[in-house]
Every structure is written in C-alpha cells, then in structure tokens.
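Trainee: protein35.txt is the file, holding compact mmCIF, C-alpha atoms and all ligand atoms:
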# COMPACT_ATOMS: atom_id res chain seq x y z
CA MET A 1 -41.06 9.34 -8.46
CA ARG A 2 -40.98 7.98 -4.92
CA LEU A 3 -37.23 7.74 -5.24
CA ALA A 4 -36.71 11.50 -5.16
CA PRO A 5 -37.75 12.08 -1.50
CA LEU A 6 -35.72 9.03 -0.49
CA LEU A 7 -32.68 10.42 -2.29
CA VAL A 8 -33.12 13.85 -0.67
CA ALA A 9 -33.45 12.21 2.75
CA ALA A 10 -30.30 10.11 2.16
CA VAL A 11 -28.30 13.18 1.04
CA ALA A 12 -29.55 15.16 4.06
CA LEU A 13 -28.61 12.26 6.35
CA VAL A 14 -25.07 11.97 4.94
CA ALA A 15 -24.58 15.78 5.00
CA GLY A 16 -25.93 15.98 8.58
CA TYR A 17 -23.65 13.13 9.67
CA LEU A 18 -20.58 14.71 8.05
CA ILE A 19 -21.29 18.16 9.46
CA GLY A 20 -22.13 16.82 12.92
CA THR A 21 -19.04 14.62 13.25
CA SER A 22 -16.37 16.79 11.60
CA PRO A 23 -13.69 18.53 13.67
CA ALA A 24 -13.56 22.33 13.78
CA SER A 25 -11.02 24.07 11.56
CA VAL A 26 -8.45 26.41 13.06
CA VAL A 27 -8.36 29.85 11.41
CA PRO A 28 -4.98 31.56 12.03
CA PRO A 29 -4.80 35.33 12.59
CA VAL A 30 -2.88 36.02 9.36
CA MET A 31 -3.65 34.45 6.00
CA PRO A 32 -0.91 35.36 3.48
CA GLU A 33 -1.89 35.86 -0.16
CA SER A 34 -0.31 32.58 -1.26
CA SER A 35 -1.41 30.57 1.79
CA LEU A 36 -2.27 26.94 1.09
CA VAL A 37 -4.44 26.98 4.22
CA LYS A 38 -7.01 28.81 2.08
CA GLU A 39 -7.08 25.79 -0.25
CA LEU A 40 -8.10 23.37 2.52
CA PRO A 41 -11.72 22.38 1.85
CA PRO A 42 -14.18 22.52 4.77
CA TRP A 43 -13.97 19.27 6.78
CA PRO A 44 -17.36 17.82 5.73
CA VAL A 45 -16.58 18.48 2.04
CA TYR A 46 -13.12 16.96 2.43
CA ARG A 47 -14.47 13.83 4.13
CA PHE A 48 -17.22 13.44 1.53
CA PHE A 49 -14.79 13.55 -1.40
CA VAL A 50 -12.25 11.24 0.25
CA GLY A 51 -15.09 8.73 0.82
CA LEU A 52 -16.41 9.18 -2.73
CA ASN A 53 -12.90 8.62 -4.08
CA ASP A 54 -12.64 5.36 -2.10
CA VAL A 55 -15.97 4.15 -3.51
CA LEU A 56 -15.20 5.12 -7.13
CA ARG A 57 -11.73 3.60 -6.97
CA TYR A 58 -13.16 0.40 -5.52
CA LEU A 59 -15.76 0.22 -8.30
CA ALA A 60 -13.20 0.98 -11.02
CA GLU A 61 -10.90 -1.76 -9.77
CA LYS A 62 -13.67 -4.32 -9.21
CA THR A 63 -14.98 -3.77 -12.74
CA THR A 64 -11.53 -4.21 -14.33
CA PRO A 65 -10.75 -7.82 -15.36
CA PRO A 66 -7.96 -9.35 -13.24
CA ASP A 67 -5.57 -9.83 -16.18
CA ILE A 68 -5.92 -6.16 -17.14
CA ARG A 69 -5.50 -5.09 -13.53
CA ALA A 70 -2.39 -7.28 -13.26
CA LEU A 71 -0.99 -5.64 -16.40
CA GLU A 72 -1.83 -2.15 -15.13
CA LEU A 73 -0.01 -2.87 -11.89
CA SER A 74 3.03 -4.42 -13.60
CA ASN A 75 3.36 -1.51 -16.00
CA SER A 76 2.39 1.36 -13.69
CA PHE A 77 5.97 2.73 -13.72
CA TRP A 78 5.31 4.09 -17.23
CA GLN A 79 3.33 6.94 -15.70
CA SER A 80 6.17 8.11 -13.50
CA VAL A 81 8.59 7.77 -16.41
CA VAL A 82 6.39 10.06 -18.54
CA VAL A 83 6.28 12.64 -15.72
CA TYR A 84 10.06 12.38 -15.24
CA GLY A 85 10.85 12.91 -18.93
CA LEU A 86 8.62 15.97 -19.10
CA VAL A 87 9.84 17.54 -15.85
CA LYS A 88 13.52 16.80 -16.46
CA HIS A 89 13.55 18.40 -19.91
CA GLY A 90 11.53 21.48 -18.97
CA ALA A 91 8.42 20.75 -21.08
CA PHE A 92 6.13 22.33 -18.47
CA ASP A 93 8.14 25.58 -18.36
CA ALA A 94 8.28 25.79 -22.15
CA LEU A 95 4.51 25.30 -22.45
CA ALA A 96 3.84 27.94 -19.78
CA GLU A 97 6.24 30.38 -21.49
CA ALA A 98 4.31 29.85 -24.74
CA GLY A 99 1.17 31.13 -22.98
CA GLY A 100 -0.16 27.73 -21.91
CA THR A 101 -0.97 26.24 -25.34
CA SER A 102 1.53 25.13 -27.95
CA ARG A 103 2.37 22.55 -30.58
CA CYS A 104 4.64 19.90 -29.13
CA SER A 105 7.11 20.48 -31.98
CA ALA A 106 7.54 24.09 -30.73
CA VAL A 107 8.05 22.80 -27.17
CA ALA A 108 10.67 20.39 -28.51
CA LEU A 109 12.48 23.25 -30.28
CA LYS A 110 12.48 25.33 -27.11
CA THR A 111 13.69 22.50 -24.87
CA GLY A 112 16.23 21.06 -27.31
CA THR A 113 14.48 17.69 -27.23
CA HIS A 114 13.66 15.34 -30.09
CA PRO A 115 10.12 16.09 -31.38
CA HIS A 116 9.19 12.47 -32.08
CA TYR A 117 9.83 11.35 -28.50
CA LEU A 118 8.69 14.54 -26.81
CA CYS A 119 5.39 14.58 -28.73
CA ARG A 120 4.68 10.94 -27.77
CA PHE A 121 5.52 11.75 -24.13
CA MET A 122 3.20 14.77 -24.21
CA HIS A 123 0.44 12.72 -25.79
CA ALA A 124 0.92 10.06 -23.10
CA GLY A 125 0.72 12.90 -20.56
CA ALA A 126 -2.57 14.04 -22.11
CA THR A 127 -4.06 10.56 -21.67
CA LEU A 128 -3.13 10.84 -17.99
CA GLY A 129 -4.79 14.25 -17.60
CA ILE A 130 -1.48 16.12 -17.31
CA PHE A 131 -2.33 18.16 -20.42
CA GLU A 132 -5.33 18.75 -22.61
CA GLU A 133 -4.81 17.94 -26.29
CA PRO A 134 -7.45 20.03 -28.11
CA GLU A 135 -6.16 18.87 -31.48
CA PRO A 136 -3.50 16.30 -32.36
CA GLY A 137 -0.05 17.63 -31.51
CA VAL A 138 -1.36 20.73 -29.67
CA PHE A 139 -1.15 20.73 -25.89
CA ARG A 140 -2.65 22.95 -23.23
CA THR A 141 -1.68 23.23 -19.55
CA THR A 142 -3.94 21.88 -16.80
CA ALA A 143 -3.90 22.21 -13.02
CA ILE A 144 -1.71 19.07 -12.91
CA SER A 145 0.88 20.38 -15.37
CA GLU A 146 0.97 23.61 -13.36
CA GLU A 147 1.62 21.59 -10.18
CA LEU A 148 4.45 19.75 -11.90
CA ARG A 149 5.92 23.02 -13.16
CA THR A 150 5.86 24.68 -9.76
CA ARG A 151 5.37 23.27 -6.29
CA SER A 152 5.45 19.54 -7.19
CA ARG A 153 8.43 19.78 -9.56
CA ASP A 154 11.31 18.93 -7.23
CA ARG A 155 9.34 16.13 -5.63
CA ALA A 156 8.66 14.61 -9.07
CA LEU A 157 12.33 14.91 -10.04
CA TRP A 158 13.54 13.36 -6.80
CA LEU A 159 11.06 10.47 -6.88
CA SER A 160 12.24 9.45 -10.33
CA ALA A 161 15.89 10.46 -10.24
CA MET A 162 16.68 9.17 -6.75
CA LEU A 163 13.98 7.13 -5.11
CA ARG A 164 13.08 4.82 -7.99
CA ASP A 165 16.53 3.23 -8.42
CA ASN A 166 16.87 2.71 -4.69
CA TYR A 167 13.44 1.09 -4.55
CA VAL A 168 14.30 -1.21 -7.46
CA ALA A 169 17.44 -2.23 -5.51
CA THR A 170 15.21 -2.92 -2.51
CA ALA A 171 13.03 -5.21 -4.62
CA GLU A 172 15.95 -6.96 -6.29
CA LYS A 173 18.50 -7.17 -3.48
CA SER A 174 17.35 -6.00 -0.01
CA ILE A 175 14.57 -8.52 -0.04
CA MET A 176 17.30 -11.19 -0.18
CA THR A 177 20.09 -9.59 1.85
CA GLY A 178 18.24 -7.53 4.48
CA ALA A 179 20.49 -4.52 3.74
CA PRO A 180 18.59 -1.27 2.99
CA GLY A 181 17.90 -0.39 -0.66
CA CYS A 182 20.22 2.64 -0.56
CA VAL A 183 23.12 0.56 0.74
CA GLU A 184 22.56 -1.92 -2.08
CA HIS A 185 22.22 0.82 -4.72
CA LEU A 186 24.43 3.68 -3.53
CA GLY A 187 26.87 1.62 -1.48
CA ALA A 188 26.34 3.61 1.73
CA PRO A 189 23.62 4.57 4.22
CA TRP A 190 21.40 7.39 2.96
CA TRP A 191 22.66 10.31 5.13
CA GLU A 192 26.34 9.30 4.84
CA TRP A 193 26.05 9.14 1.06
CA HIS A 194 24.23 12.48 0.93
CA ALA A 195 26.90 14.21 3.02
CA ASP A 196 29.28 13.68 0.05
CA HIS A 197 26.73 14.50 -2.68
CA PRO A 198 25.64 18.13 -2.40
CA TYR A 199 23.44 18.18 -5.54
CA GLU A 200 21.40 15.14 -4.46
CA SER A 201 21.32 16.34 -0.87
CA GLU A 202 19.88 19.68 -1.99
CA LEU A 203 17.39 17.95 -4.30
CA PHE A 204 16.29 15.81 -1.35
CA ASP A 205 15.74 18.90 0.81
CA ARG A 206 13.75 20.59 -1.95
CA ALA A 207 11.63 17.46 -2.48
CA MET A 208 10.92 17.33 1.27
CA LYS A 209 9.85 20.95 1.01
CA ASP A 210 7.34 20.05 -1.71
CA PHE A 211 5.99 17.25 0.49
CA SER A 212 5.93 19.53 3.54
CA LEU A 213 4.20 22.63 2.17
CA ARG A 214 0.76 21.01 2.05
CA THR A 215 1.23 19.17 5.32
CA ALA A 216 2.32 22.44 6.92
CA ALA A 217 -0.89 24.11 5.73
CA ALA A 218 -2.93 21.19 7.07
CA VAL A 219 -1.14 21.49 10.44
CA VAL A 220 -1.88 25.23 10.58
CA GLY A 221 -5.54 24.44 9.81
CA ALA A 222 -5.75 21.95 12.71
CA LEU A 223 -3.48 23.03 15.57
CA PRO A 224 -4.81 25.76 17.85
CA LEU A 225 -2.02 28.06 19.08
CA LYS A 226 -1.94 31.02 21.44
CA GLY A 227 0.34 32.69 18.92
CA THR A 228 3.24 33.55 21.22
CA GLU A 229 4.80 30.09 21.53
CA VAL A 230 8.34 29.04 20.72
CA VAL A 231 7.72 26.37 18.09
CA CYS A 232 10.57 23.98 17.30
CA ASP A 233 11.13 21.25 14.74
CA VAL A 234 13.67 18.49 15.38
CA GLY A 235 14.92 16.99 12.11
CA GLY A 236 12.95 19.87 10.64
CA GLY A 237 14.72 19.97 7.27
CA ILE A 238 15.03 23.43 5.76
CA GLY A 239 12.27 24.79 8.00
CA THR A 240 9.26 24.54 5.68
CA LEU A 241 6.79 23.65 8.44
CA LEU A 242 8.08 26.34 10.81
CA ALA A 243 8.18 29.09 8.18
CA THR A 244 4.56 28.25 7.30
CA ILE A 245 3.52 28.37 10.96
CA TRP A 246 5.32 31.70 11.42
CA GLU A 247 3.69 33.21 8.30
CA HIS A 248 0.26 32.50 9.83
CA TRP A 249 1.21 33.21 13.47
CA PRO A 250 3.87 35.96 13.16
CA SER A 251 4.27 36.40 16.93
CA THR A 252 5.68 32.89 17.31
CA THR A 253 9.41 32.22 17.49
CA VAL A 254 10.62 29.25 15.44
CA LYS A 255 13.70 27.03 15.82
CA VAL A 256 14.85 24.22 13.57
CA PHE A 257 17.27 21.51 14.76
CA ASP A 258 18.90 19.46 12.00
CA LEU A 259 22.26 18.24 10.68
CA PRO A 260 24.73 21.09 9.94
CA GLU A 261 24.33 21.30 6.16
CA THR A 262 20.52 21.21 6.34
CA ALA A 263 20.51 23.72 9.22
CA ARG A 264 22.56 26.03 6.97
CA ARG A 265 19.93 25.68 4.24
CA ALA A 266 17.21 26.36 6.80
CA ILE A 267 18.85 29.71 7.59
CA GLU A 268 18.79 30.54 3.87
CA TYR A 269 15.13 29.48 3.63
CA PHE A 270 14.17 31.58 6.66
CA GLU A 271 15.95 34.56 5.04
CA LEU A 272 14.07 33.95 1.79
CA LYS A 273 10.79 33.83 3.73
CA GLU A 274 11.84 36.97 5.67
CA VAL A 275 11.25 35.32 9.03
CA GLY A 276 14.16 37.45 10.32
CA ASN A 277 14.93 37.51 14.05
CA ASN A 278 12.02 35.21 14.84
CA ALA A 279 13.83 32.17 13.45
CA THR A 280 16.95 30.18 14.24
CA ALA A 281 18.42 27.00 12.80
CA ILE A 282 20.60 25.03 15.18
CA PRO A 283 22.96 22.29 13.96
CA ALA A 284 22.42 19.21 16.08
CA SER A 285 22.08 15.45 15.90
CA PHE A 286 19.03 13.97 17.57
CA PHE A 287 21.17 10.97 18.54
CA ASP A 288 23.14 13.21 20.92
CA PRO A 289 21.81 15.23 23.84
CA LEU A 290 20.07 18.19 22.19
CA PRO A 291 21.34 21.78 22.64
CA ALA A 292 20.06 23.92 25.52
CA ASP A 293 17.90 25.84 23.03
CA LEU A 294 15.43 22.95 23.11
CA LYS A 295 14.53 23.96 26.70
CA THR A 296 12.94 27.13 25.32
CA CYS A 297 10.47 25.26 23.09
CA ASP A 298 6.75 25.15 23.92
CA ILE A 299 5.94 22.80 21.05
CA ILE A 300 8.45 20.39 19.53
CA PHE A 301 7.57 18.96 16.13
CA LEU A 302 9.00 15.68 14.93
CA LYS A 303 7.71 15.35 11.41
CA ASN A 304 8.45 12.41 9.15
CA VAL A 305 11.47 11.54 11.26
CA LEU A 306 10.48 8.48 13.28
CA HIS A 307 9.49 6.50 10.20
CA ASP A 308 13.11 6.81 9.03
CA TRP A 309 14.38 4.73 11.93
CA ALA A 310 14.14 1.32 13.62
CA ASP A 311 12.41 1.12 17.01
CA ASP A 312 15.59 1.34 19.15
CA ASP A 313 16.75 4.46 17.28
CA CYS A 314 13.30 6.05 17.68
CA VAL A 315 13.44 5.42 21.41
CA LYS A 316 16.86 7.12 21.52
CA ILE A 317 15.56 10.17 19.61
CA LEU A 318 12.46 10.44 21.81
CA SER A 319 14.50 9.99 25.02
CA ASN A 320 16.93 12.72 23.94
CA ILE A 321 14.04 15.09 23.29
CA LYS A 322 12.36 14.20 26.59
CA GLN A 323 15.62 14.80 28.50
CA SER A 324 16.47 18.10 26.79
CA ALA A 325 12.97 19.65 26.67
CA ALA A 326 11.34 21.70 29.40
CA PRO A 327 8.66 19.86 31.38
CA GLY A 328 5.27 20.97 30.10
CA ALA A 329 6.40 21.32 26.49
CA ARG A 330 4.29 19.44 23.97
CA LEU A 331 5.67 16.95 21.48
CA ALA A 332 3.87 17.05 18.11
CA ILE A 333 4.62 13.99 15.99
CA VAL A 334 3.50 14.22 12.36
CA GLU A 335 3.48 10.88 10.54
CA ALA A 336 1.41 8.71 8.20
CA THR A 337 -0.21 6.84 11.09
CA VAL A 338 -1.27 3.45 9.69
CA GLY A 339 -4.82 2.16 10.14
CA THR A 340 -6.57 5.50 10.64
CA ASP A 341 -7.99 6.06 7.13
CA GLY A 342 -9.91 4.51 4.24
CA PRO A 343 -8.36 2.32 1.52
CA SER A 344 -7.03 5.08 -0.79
CA PHE A 345 -5.09 6.79 2.00
CA GLU A 346 -3.85 3.49 3.43
CA ARG A 347 -2.55 2.67 -0.06
CA ALA A 348 -0.80 6.04 -0.22
CA LYS A 349 0.83 5.26 3.14
CA ALA A 350 2.14 2.00 1.67
CA ALA A 351 3.67 4.15 -1.10
CA VAL A 352 5.36 6.34 1.53
CA GLU A 353 6.70 3.20 3.15
CA ALA A 354 8.18 2.17 -0.20
CA GLY A 355 10.39 5.24 0.03
CA ILE A 356 11.29 4.45 3.61
CA LEU A 357 12.34 0.89 2.78
CA SER A 358 14.62 2.11 0.03
CA THR A 359 16.32 4.97 1.86
CA CYS A 360 16.38 4.12 5.56
CA PRO A 361 18.13 1.63 7.83
CA GLN A 362 16.60 -1.79 8.34
CA GLY A 363 13.68 -1.57 10.77
CA ALA A 364 12.40 1.79 9.47
CA LYS A 365 8.67 1.63 8.72
CA GLU A 366 5.31 3.36 8.95
CA ARG A 367 3.59 2.71 12.29
CA THR A 368 0.16 2.47 13.85
CA LEU A 369 -0.96 4.71 16.73
CA ALA A 370 -0.43 1.78 19.13
CA GLU A 371 3.13 1.32 17.83
CA PHE A 372 3.88 5.04 18.36
CA ALA A 373 2.44 4.77 21.87
CA HIS A 374 4.75 1.81 22.51
CA LEU A 375 7.82 3.82 21.42
CA LEU A 376 6.76 6.77 23.59
CA ARG A 377 6.29 4.44 26.54
CA ARG A 378 9.75 2.92 26.05
CA ALA A 379 11.24 6.43 25.92
CA GLY A 380 9.51 7.36 29.19
CA VAL A 381 7.36 10.04 27.51
CA ILE A 382 4.08 8.37 28.42
CA GLU A 383 3.28 6.03 31.24
CA GLY A 384 0.74 3.29 31.68
CA ASP A 385 -0.32 0.68 29.20
CA HIS A 386 -3.41 2.47 28.00
CA GLN A 387 -2.17 6.02 27.48
CA THR A 388 -1.84 6.99 23.82
CA PRO A 389 -0.98 10.30 22.18
CA THR A 390 -3.92 12.48 21.18
CA LEU A 391 -4.54 11.90 17.47
CA ILE A 392 -5.50 15.02 15.50
CA LYS A 393 -6.57 14.26 11.94
CA LEU A 394 -5.30 16.60 9.23
CA ARG A 395 -6.90 17.30 5.89
CA GLU A 396 -4.15 15.31 4.17
CA LEU A 397 -2.36 11.97 4.38
CA LEU A 398 -0.36 12.54 7.56
CA SER A 399 -1.78 12.84 11.08
CA LEU A 400 -0.70 14.82 14.11
CA MET A 401 -0.09 13.10 17.45
CA ILE A 402 0.28 15.34 20.49
CA VAL A 403 1.75 14.27 23.79
CA PRO A 404 2.96 16.30 26.81
CA LEU A 405 6.66 15.88 27.68
C1 LIG B 1 12.52 12.70 6.03
S1 LIG B 1 13.36 14.15 6.41
C2 LIG B 1 12.08 15.10 7.17
C3 LIG B 1 12.38 16.56 7.15
C4 LIG B 1 11.24 17.43 7.70
N1 LIG B 1 10.89 17.10 9.06
C5 LIG B 1 10.04 17.30 6.80
O1 LIG B 1 9.10 16.62 7.14
O2 LIG B 1 10.08 17.87 5.70
C6 LIG B 1 14.35 13.69 7.80
C7 LIG B 1 15.19 14.82 8.36
O3 LIG B 1 15.99 14.29 9.43
C8 LIG B 1 17.26 14.92 9.36
N2 LIG B 1 18.22 14.07 10.07
C9 LIG B 1 18.74 12.87 9.69
N3 LIG B 1 19.58 12.42 10.63
C10 LIG B 1 19.59 13.35 11.62
C11 LIG B 1 20.25 13.44 12.87
N4 LIG B 1 21.08 12.49 13.29
N5 LIG B 1 20.02 14.53 13.64
C12 LIG B 1 19.17 15.52 13.21
N6 LIG B 1 18.51 15.47 12.03
C13 LIG B 1 18.72 14.41 11.25
C14 LIG B 1 17.53 15.04 7.89
O4 LIG B 1 18.53 16.00 7.60
C15 LIG B 1 16.16 15.43 7.37
O5 LIG B 1 15.99 16.83 7.37
Can you turn what I pasted into structure tokens?
Mentor:
Amino acid sequence: MRLAPLLVAAVALVAGYLIGTSPASVVPPVMPESSLVKELPPWPVYRFFVGLNDVLRYLAEKTTPPDIRALELSNSFWQSVVVYGLVKHGAFDALAEAGGTSRCSAVALKTGTHPHYLCRFMHAGATLGIFEEPEPGVFRTTAISEELRTRSRDRALWLSAMLRDNYVATAEKSIMTGAPGCVEHLGAPWWEWHADHPYESELFDRAMKDFSLRTAAAVVGALPLKGTEVVCDVGGGIGTLLATIWEHWPSTTVKVFDLPETARRAIEYFELKEVGNNATAIPASFFDPLPADLKTCDIIFLKNVLHDWADDDCVKILSNIKQSAAPGARLAIVEATVGTDGPSFERAKAAVEAGILSTCPQGAKERTLAEFAHLLRRAGVIEGDHQTPTLIKLRELLSLMIVPL
C-alpha cells in the first residue's frame, strides 16, 4: 500500500526531469500531409522510450545464458536473410495487394516463388514480428512489413544485396590486408566501381534516400530557420534532405553539390518533389575547389560524408568548403557522433561503422565530437584548443553539429 505513493512520486520525478531537461522542438511553417516530422514523438516521450529500451535490452541480454547469447550473435545474419528473401521476391507487395491478409501459398503463386520455402520464410518473419500469423499458413501485414514494402524497401535490398558481401570481405580479408572491404570484394574503390555499375549506383542512392528521409525530418524538427535561407548540401546525394527542408520551409532555396551522375538524379528527384525553380543540383567534387554557387549558401550541410573518409581527406573537404563559402555561412555536419548516447544507440552506430569499413577507404570511421573538432581545427574552420561545434541532438541516431565558417 505504501508503495503506491512512492511509485507516483518516482514517476512524477522522472517525468519532471525529462520535461525540464528536454530541448524545444522546432515547428516549421508548413507541415505536408505525408510529413515524417509529424511522427516525431515529443522530446520527453522520445527520451523516456529510448531509456526504457536500453534498460529492457540490458535485462534481456543479462538474463540470456552466455552460450545462447553467443549462438544468437553468431547466427544473427539469418534475420537479414529472411528480410532479403521476402523483399527481393515481392512478398510484401503481394500480401498488400491481397488486402493485407493471405495464405502464404497464394503469395507464392502471385510472386512465382516456391511455396515450401516462401511459407517457411514468412513463418520465420512472423516470429520476428514482421507479420502476424493468425492461423498456420495465413499471414497478415504489420507496421514492420509495411515499412519493408515502402520506405525501408530499398535500404533493406541494398544492405543485403550490396553491403553484406562487402562486409564479409572486410571480415575475411581486409582485417589481414588493410585494403577496404569493397576493394577486396569488388576489386575497386566504392565510387570508382559504382561509376561503371548504374543499377547498383542507383540502388545505393535510393538506399541513402531511405536512410535520409527520417534524418531529414529529425533535422527539420530541430533546426530553427528564418525560412528565407539558401540551404546547401555538399555530397548531398539525390537531395532528400534538401527537398524535405524545402517542403517544410518553401521560401528557402536549396542547392545540392555532388558527383555528376548523382547530381543528375537530384535534378530528377527535385522535379518529382516539384521543388521547381527553388532547387539546383550542381555537379562538383568536394576534393576540388567548389563552384562559385557555394558562396550563396547560408547553411551548408555535410551529412554522412565525413565518416566515408580518412582524416586527411576530411580536412581537404572541410578546407575546400571553408575556402569556397561566404564568411558567416554556417556549416551543419550531420553524423553518428560517437559517445553521445546510451548503449542501444551506440551499438547502432557500430553497425553504421560496419558499413563504412566495408565501403570506404582505409581510415574512414565514425568519430566523437572531439575528433570532429580536431578535423575542423586542422581545416582552419575553428580555432583554439577548446572550441567545439555546437551539438544539437536529433530525435534519431545521427546528431547535428553546427559551426560558423
Ligand atoms: C554516404 S553518401 C551520403 C549522401 C547524403 N549526404 C545522405 O546523407 O543521404 C555520400 C555522398 O558523397 C558523394 N560523393 C562521393 N565522392 C564525392 C566527391 N568527390 N565529391 C562530391 N560528392 C561525392 C556520393 O555521391 C554520395 O552522394
């Protein structure tokens, strides 16, 4: 009986702490119908569930015997293989087309797959929460299967079809030779190889888009703008981040700088998103002096670029931006800054680094805030030993670091 008031007091204390210490959310002037910004939970709720997840995961792992945990870890690839098989052969589309519930044999007929294997894959998917299985052999869509059918599809395909083999090569060979996983597996550095492989290059861009859509929403929910800025993105891919910013702040002008083929795809993406005259995509390499257009930028994003490169290359990229940008512009680095989150997120950052090790030149890695500050200091962007970029937490894995140029 005496426990109840104690419990209420503890809940009130935690809620008060979370509300009192959470950052304010930014609400943009326009919220499109399909905006993912609307899906961002309020900061205190977000922080509570991330913390709860850390605690539950810790308990689940601590209560699993070490031999079982070792087996789970050794065999964890089975989960991604199940996802790959289902995405690759269109099982999610077929189930959705059947109204969301269907026998797996009917899904097999529709997808031209073998019912014995497909049904076992779908059952395995049900044990993972991808489907519900209300009766044996009958499957129903869930929020996860819908994700894998729509905005997480290309990312799932790319992770299994491209990243996995390169990561295996990293584990088998790079660890001995010191050459990047992609060089060991594909026989060439990542970007060189992709220049000659349009299908894979396009799949990569689409996978990056899947990764970027949620981050873009989290950036919109955290970065206060005046609304009239010229917002740029160096190595900005097909322009996912910028199109999202423009959709929420339609008076901004947006400019992507990327390699020619990707810049061409950015133009197509901007057309699809009807950004019109407010958007440009400029072919450029960040290893060369950047085009004069960069002088017009008020904010220059560099998202998931620095982790692709060794320190000396990062310094070159940052120096080129510093030299080509107008004084007073702000650099906005978006990366999985190491050491700023609880165990689940730090683990997810290690997973991001797995991709980096397998696709990027030797020396590429995830970095701490102090390591980013060191790079910025070497590039002449910040001065003094104690200056660091301003860290803005996002309601997702990556963080935003802002620094004046
Ligand atoms: C990991 S992706 C990140 C894309 C985007 N910023 C995002 O987060 O979705 C790295 C990007 O750097 C671009 N890139 C690679 N080398 C480049 C170079 N030398 N100059 C400009 N962009 C480059 C790639 O085309 C790709 O779009």
Trainee: Can you pull out the residues contacting A:Ile130? Cut-off 8 Å, using only C-alpha atoms, and skip same-chain residues under 5 positions away; I want them as a ChimeraX atom specification.
Mentor: /A:125,141-145
Trainee: Closest to ligand LIG 1 (chain B) among A:Phe372, A:Trp190, A:Phe49, A:Tyr269, using all atoms listed in the file?
Mentor: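 Looking at the shortest contact to ligand LIG 1 (chain B), the residue is A:Trp190.
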Trainee: Need to verify the contact set: stretch 171-183 of chain A, 10 Å, only C-alpha atoms, exclusion of same-chain residues closer than 6 positions in sequence. Can you return it as an MDAnalysis selection string?
Mentor: chainID A and resid 162:163 165 189:191 193 354:364
Trainee: At a cut-off of 12 Å from (7.5, 18.8, 1.4) in the coordinates of the file, what residues are picked up using all atoms listed in the file, written as a PyMOL selection string?
Mentor: chain A and resi 151-156+158+203-217+236-241+244+303-304+398
Trainee: Ranking A:Leu223, A:Ile321, A:Met122, A:Leu56 by minimum distance to ligand LIG 1 (chain B) and counting all atoms listed in the file, which one comes first?
Mentor: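 Closest to ligand LIG 1 (chain B) of all the choices is A:Ile321.
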Trainee: Report, in Å to a single decimal, how far apart atom CA of A:Pro41 and atom CA of A:Leu6 are.
Mentor: 27.6 Å
Trainee: Could you state the separation of atom S1 of ligand LIG 1 (chain B) and atom CA of A:Ala326 in Å, given to one decimal place?
Mentor: 24.3 Å
